[in-house]
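Written below as structure tokens is the structure these notes are about.
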Amino acid sequence: MKEFFHSVKFKIIIALTAVLIGAMIYSVTTGGYSSGSNYLFEVIFEPVRNLSSSISDKVSRSLDMVINAEKYYNENQQLKAQLNALYNDVIDYDKVLEENKELRVMLELKEEYNNYKFSPPCTVIARTTNDPYGSFTVDKGANDGIKPGDPVVTETGIVGVCFEVSPSTSKVRTLYSPKTAVGVYTVRTKAEGIAEGGYDLAINSRIRMSYISKESDIREGDVIVTSGSANYPAGQLIGTVESVEMEQNGLSKFAVIIPAEDPNTITSVFVITDYSLDEVTAIKTGQKAEDSQ
Amino acid sequence: MNIELKKKKERRNCIIRQTLLCLLMAFCYVFISSVNTVGTLPVLLIPCAVCYAVRESPFDSVLYGCVCGLLLDSASGTLTGFNALILMWSCLMISLLFHYILRRHILNFLWLDFSVILIQSVLHYLFFYRLWEFDHSGMVFRHIFIPEFIWTNIWGVVLYWLTGLITRGFGTVTEHYIEEKSDDIVRE
């Protein structure tokens, strides 16, 4: 054994260790861009992962349909009832739409999404192994204009943010992660707060809206949207309030939110690669004007 | 002529064996990174690297462990090099132990595999959850790391058996047994 520690091979191992330590330090300083080795493995294994991911999705979907048939039936009945209620709401919709257009003209806002730049549709190709917060990898990266910190959305609402980008793939941190904090407010009363994740809620597919002023009017069923910041565009749907409770310190309230989109079940997403901050500012100005009234 | 044929066969066996072991590593990576299921998955790359270290030379084990670790870093979203360093040095130690001290036996494999998975799990939890003081990180340990630890150990036995099949089928590696020094043994 002594001979091995004096051999050239052992010196190579020491050099390899130094390289790996260097790679770790480099990874920390890349500012969200993927390191070389990760990129290399992703390129090599991408076709195989795509294939196995699609097989796995099909198998789990078929199993899910068999196992949860009764649950889906009940859910279907509930949705039918909700749909009937929505039909009634649609009657007022046109009127509200007209009013909204007029207000937009007054505020000089552009049509929603007109100033958003989306990436091509991204497919979820991998789930981070045993991640309690459900982060995943999509098949589009820096080559498609995606940058670290770009928000990830579906047709329904926001699901997370890109945190590591390689030329052809991006890793997405979901709303369930405690590292993701989004400024949000309720559509009905404009009660503001911060939407953030935590493991205790993530296991039940829920997130938390914290730092709500205790005087705020917020209740079950309220719709939550993003308030807009440098990282997240305004007006993106987050979810609906399930319950509201007082914080232990008694200074503020918190709400449990049912996300509009469960990141654990999605298979394709879009990344907002660019958006104008003017809309955010305008909305905020509008909010302030409304508040002062 | 016979020796040359034997050498040729050994070289061919070696290439097939290494290819199969690399394919096993690739399968483990694809399995843990693309299977979309509810519940905790076993981190197959760790026992895979340990199995390799049990059966191959120390230097080869280091390289295999390093690649397994980098793949694990890529799959589990940890800092590049974190798992590579752990697996690389673990594989070196295990390979040296089996090369010079220990007998190749499933029990020896089991306790070493158990130790490596334990070290990796504890360090992963400490550096990526505990250190950040996330709320309910204890729950993460109970609900994610403990099942992962148990499943990985169970799957380790399957991988040990699989790698055993590969090395028996295409093996040229000599068995390393400890020869007890005894005057009673009559050597011819």
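The way I read the labels, and the way they are meant: chains A, B, ... in the order of the structure tokens, residue 1 as the first residue of every chain, and ligand 1 as the first ligand shown, with later ones counted on from there.
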Contact set, chain A to chain B: 6 Å, only C-alpha atoms, as a short mmCIF file (atom, residue, chain, number, x, y, z; two decimals) with C-alpha atoms, in the first residue's frame:
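The result, stored in part37.cif:
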```cif
data_model
loop_
_atom_site.label_atom_id
_atom_site.label_comp_id
_atom_site.auth_asym_id
_atom_site.auth_seq_id
_atom_site.Cartn_x
_atom_site.Cartn_y
_atom_site.Cartn_z
CA LEU A 20 -12.31 19.31 -8.57
CA MET A 24 -16.30 23.82 -7.16
CA ASN A 38 -22.50 19.49 -16.23
CA ARG A 49 -32.89 11.14 -20.87
CA SER A 53 -38.34 10.64 -19.43
CA SER A 56 -41.50 7.27 -17.48
CA ALA A 126 -35.28 15.67 -15.93
CA ARG A 127 -36.27 16.06 -12.31
CA THR A 128 -33.58 16.86 -9.76
CA THR A 129 -32.95 13.65 -7.82
CA ASN A 130 -34.77 13.61 -4.50
#
```
From a DSSP calculation on the backbone, collect every residue of segment 39-284 of chain A in strand (DSSP E) and output the set as a PyMOL selection string. chain A and resi 116-118+122-127+136-138+151-153+158-165+170-174+181-186+192-196+207-213+223-226+237-246+252-259+268-275
Find the spatial neighbours of Pro47 of chain B, counting only C-alpha atoms, within a cut-off of 9 Å - ignore same-chain residues fewer than 4 positions away - and output them as a ChimeraX atom specification. /B:43,51-52,113-114,116-117,152-153,155-157,159-160
Output N, CA and C atoms for every residue in the selection just made, as a compact mmCIF listing (two decimals), in the first residue's frame.
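To be explicit, this is the file written out as part_3.txt:
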```
# COMPACT_ATOMS: atom_id res chain seq x y z
N VAL B 43 -30.18 6.52 -4.75
CA VAL B 43 -29.10 7.17 -5.50
C VAL B 43 -28.15 6.08 -5.97
N CYS B 51 -19.28 -0.67 -5.85
CA CYS B 51 -19.15 -2.01 -6.46
C CYS B 51 -17.92 -2.06 -7.37
N TYR B 52 -17.73 -0.99 -8.14
CA TYR B 52 -16.58 -0.94 -9.03
C TYR B 52 -15.29 -0.97 -8.23
N ASP B 113 -20.34 0.17 1.83
CA ASP B 113 -21.37 0.87 1.04
C ASP B 113 -22.22 1.73 1.99
N PHE B 114 -22.62 1.12 3.10
CA PHE B 114 -23.41 1.81 4.14
C PHE B 114 -22.67 3.08 4.60
N VAL B 116 -20.28 4.84 3.04
CA VAL B 116 -20.16 5.87 1.99
C VAL B 116 -21.50 6.61 1.81
N ILE B 117 -22.59 5.84 1.78
CA ILE B 117 -23.92 6.47 1.60
C ILE B 117 -24.21 7.38 2.80
N THR B 152 -31.12 3.18 -1.13
CA THR B 152 -29.82 3.07 -1.80
C THR B 152 -29.07 1.84 -1.29
N ASN B 153 -29.15 1.59 0.03
CA ASN B 153 -28.48 0.42 0.59
C ASN B 153 -29.08 -0.88 0.05
N TRP B 155 -30.68 -1.30 -2.83
CA TRP B 155 -30.31 -1.45 -4.25
C TRP B 155 -28.82 -1.76 -4.42
N GLY B 156 -28.03 -1.41 -3.42
CA GLY B 156 -26.60 -1.72 -3.45
C GLY B 156 -26.35 -3.21 -3.59
N VAL B 157 -27.18 -4.02 -2.92
CA VAL B 157 -27.04 -5.48 -2.98
C VAL B 157 -27.28 -5.96 -4.42
N LEU B 159 -26.93 -4.21 -7.16
CA LEU B 159 -25.81 -3.79 -8.01
C LEU B 159 -24.57 -4.64 -7.77
N TYR B 160 -24.37 -5.03 -6.51
CA TYR B 160 -23.21 -5.89 -6.18
C TYR B 160 -23.34 -7.22 -6.94
```
For a test of reading the model, state the distance in Å between atom CA of Tyr64 of chain B and atom CA of Ala49 of chain B, rounded to one decimal.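 Those two atoms sit 6.6 Å apart.
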With only C-alpha atoms as the atoms that count, which of A:Leu83, A:Val269, A:Ala18, A:Ile212 lies nearest to Thr174 of chain A? A:Val269
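Closest approach to Leu110 of chain B among B:Ser90, B:Val54, B:Ser95, B:Leu23: B:Val54, based on only C-alpha atoms.
Atom to atom, atom CA of Ser268 of chain A and atom CA of Val124 of chain A stand 5.7 Å apart.
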Selected residue of minimal separation from Thr123 of chain A among A:Ile203, A:Val138, A:Ile272, A:Val225, counting only C-alpha atoms: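 Nearest candidate to Thr123 of chain A out of A:Ile203, A:Val138, A:Ile272, A:Val225: A:Val138.
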Alpha helix (DSSP H) call set, DSSP backbone run, segment 27-214 of chain A, as a ChimeraX atom specification: /A:27-29,36-67,69-107,199-202
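The space between atom CA of Ile44 of chain A and atom CA of Thr19 of chain B spans 15.9 Å.
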Out of A:Lys179, A:Arg206, A:Lys101, A:Arg173, which residue has the shortest atom-to-atom distance to Ser135 of chain A when counting only C-alpha atoms?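 Answer, going by the shortest atom-to-atom distance: A:Arg173.
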Write out as a PDB file with N, CA and C atoms, in the first residue's frame each polymer residue whose atoms come within 8 Å of segment 253-256 of chain A, counting only C-alpha atoms; drop sequence neighbours fewer than 4 positions from it.
```pdb
ATOM      1  N   ARG A 206     -48.343  23.080  -1.598  1.00  0.00           N
ATOM      2  CA  ARG A 206     -48.824  24.397  -1.215  1.00  0.00           C
ATOM      3  C   ARG A 206     -47.641  25.347  -1.044  1.00  0.00           C
ATOM      4  N   ILE A 207     -47.891  26.651  -1.156  1.00  0.00           N
ATOM      5  CA  ILE A 207     -46.876  27.654  -0.828  1.00  0.00           C
ATOM      6  C   ILE A 207     -47.455  28.634   0.192  1.00  0.00           C
ATOM      7  N   ARG A 208     -46.617  29.535   0.639  1.00  0.00           N
ATOM      8  CA  ARG A 208     -47.023  30.408   1.728  1.00  0.00           C
ATOM      9  C   ARG A 208     -46.905  31.864   1.296  1.00  0.00           C
ATOM     10  N   MET A 209     -47.871  32.673   1.674  1.00  0.00           N
ATOM     11  CA  MET A 209     -47.763  34.113   1.439  1.00  0.00           C
ATOM     12  C   MET A 209     -47.549  34.745   2.815  1.00  0.00           C
ATOM     13  N   SER A 210     -46.340  35.290   3.007  1.00  0.00           N
ATOM     14  CA  SER A 210     -45.985  35.820   4.327  1.00  0.00           C
ATOM     15  C   SER A 210     -46.003  37.340   4.332  1.00  0.00           C
ATOM     16  N   TYR A 211     -45.780  37.874   5.516  1.00  0.00           N
ATOM     17  CA  TYR A 211     -45.655  39.333   5.736  1.00  0.00           C
ATOM     18  C   TYR A 211     -46.892  40.111   5.257  1.00  0.00           C
ATOM     19  N   ILE A 212     -48.063  39.562   5.484  1.00  0.00           N
ATOM     20  CA  ILE A 212     -49.303  40.283   5.141  1.00  0.00           C
ATOM     21  C   ILE A 212     -49.673  41.122   6.359  1.00  0.00           C
ATOM     22  N   SER A 213     -49.904  42.378   6.126  1.00  0.00           N
ATOM     23  CA  SER A 213     -50.269  43.262   7.232  1.00  0.00           C
ATOM     24  C   SER A 213     -51.529  42.720   7.910  1.00  0.00           C
ATOM     25  N   LYS A 214     -51.552  42.787   9.265  1.00  0.00           N
ATOM     26  CA  LYS A 214     -52.693  42.161   9.953  1.00  0.00           C
ATOM     27  C   LYS A 214     -54.001  42.915   9.719  1.00  0.00           C
ATOM     28  N   VAL A 241     -55.960  31.591  -2.417  1.00  0.00           N
ATOM     29  CA  VAL A 241     -55.752  31.439  -0.972  1.00  0.00           C
ATOM     30  C   VAL A 241     -56.592  30.272  -0.462  1.00  0.00           C
ATOM     31  N   GLU A 242     -55.935  29.387   0.301  1.00  0.00           N
ATOM     32  CA  GLU A 242     -56.656  28.258   0.896  1.00  0.00           C
ATOM     33  C   GLU A 242     -57.094  28.594   2.324  1.00  0.00           C
ATOM     34  N   SER A 243     -56.169  29.207   3.071  1.00  0.00           N
ATOM     35  CA  SER A 243     -56.513  29.585   4.448  1.00  0.00           C
ATOM     36  C   SER A 243     -55.634  30.756   4.882  1.00  0.00           C
ATOM     37  N   VAL A 244     -56.105  31.487   5.867  1.00  0.00           N
ATOM     38  CA  VAL A 244     -55.347  32.636   6.396  1.00  0.00           C
ATOM     39  C   VAL A 244     -55.206  32.459   7.901  1.00  0.00           C
ATOM     40  N   GLU A 245     -53.974  32.686   8.393  1.00  0.00           N
ATOM     41  CA  GLU A 245     -53.740  32.557   9.842  1.00  0.00           C
ATOM     42  C   GLU A 245     -52.851  33.684  10.315  1.00  0.00           C
ATOM     43  N   MET A 246     -52.863  33.925  11.634  1.00  0.00           N
ATOM     44  CA  MET A 246     -51.968  34.931  12.215  1.00  0.00           C
ATOM     45  C   MET A 246     -50.606  34.294  12.447  1.00  0.00           C
ATOM     46  N   GLU A 247     -49.555  35.089  12.256  1.00  0.00           N
ATOM     47  CA  GLU A 247     -48.203  34.611  12.577  1.00  0.00           C
ATOM     48  C   GLU A 247     -48.100  34.453  14.098  1.00  0.00           C
TER      49      GLU A 247
END
```
Could you check the closest approach to Asp150 of chain A for each of A:Ile257, A:Ile194, A:Val271, A:Val66 and tell me which residue wins, using only C-alpha atoms? A:Val271
